[in-house]
Amino acid sequence: MREDFRSGVRSGVNGTPTFFINGVRHDGSYDLATLLAAIEEAA
């Protein structure tokens with residue numbers, strides 16, 4: 001569990017939920033429309 005925490009810190013996770021899209025942390029809103037738009041943009 002400690003290693004999971006350290007891995008998150010190294011990845012830039014500073015809270016939950018944290019979403020990554022194509023390996024990039026998503027810093028926008030977490031509502032469905034915003035997440036879908038970010039996924040479509042990354043595709």
# chains A, B, ... in the order shown; residues from 1 in each chain; ligands from 1
call {"tool": "select_by_dssp", "arguments": {"residues": "chain A", "states": "strand (DSSP E or B)", "output": "MDAnalysis selection string"}}
result
chainID A and resid 19:21 24:26
call {"tool": "residues_around", "arguments": {"residues": "Asp4 of chain A", "least_positions_apart": "6", "cutoff": "12 Å", "atoms": "only C-alpha atoms", "output": "PyMOL selection string"}}
result
chain A and resi 10-11+13
call {"tool": "residues_around", "arguments": {"residues": "Ser29 of chain A", "least_positions_apart": "4", "cutoff": "12 Å", "atoms": "only C-alpha atoms", "output": "list of chain:residue names"}}
result
A:Pro17, A:Thr18, A:Phe19, A:Arg25, A:Ala33, A:Thr34, A:Leu35, A:Leu36, A:Ala37, A:Ala38
call {"tool": "atom_distance", "arguments": {"atom1": "atom CA of Met1 of chain A", "atom2": "atom CA of Val24 of chain A"}}
result
23.2 Å
call {"tool": "atom_distance", "arguments": {"atom1": "atom CA of Asp27 of chain A", "atom2": "atom CA of Ile39 of chain A"}}
result
12.7 Å
call {"tool": "select_by_dssp", "arguments": {"residues": "chain A", "states": "alpha helix (DSSP H)", "output": "PyMOL selection string"}}
result
chain A and resi 2-11+32-42
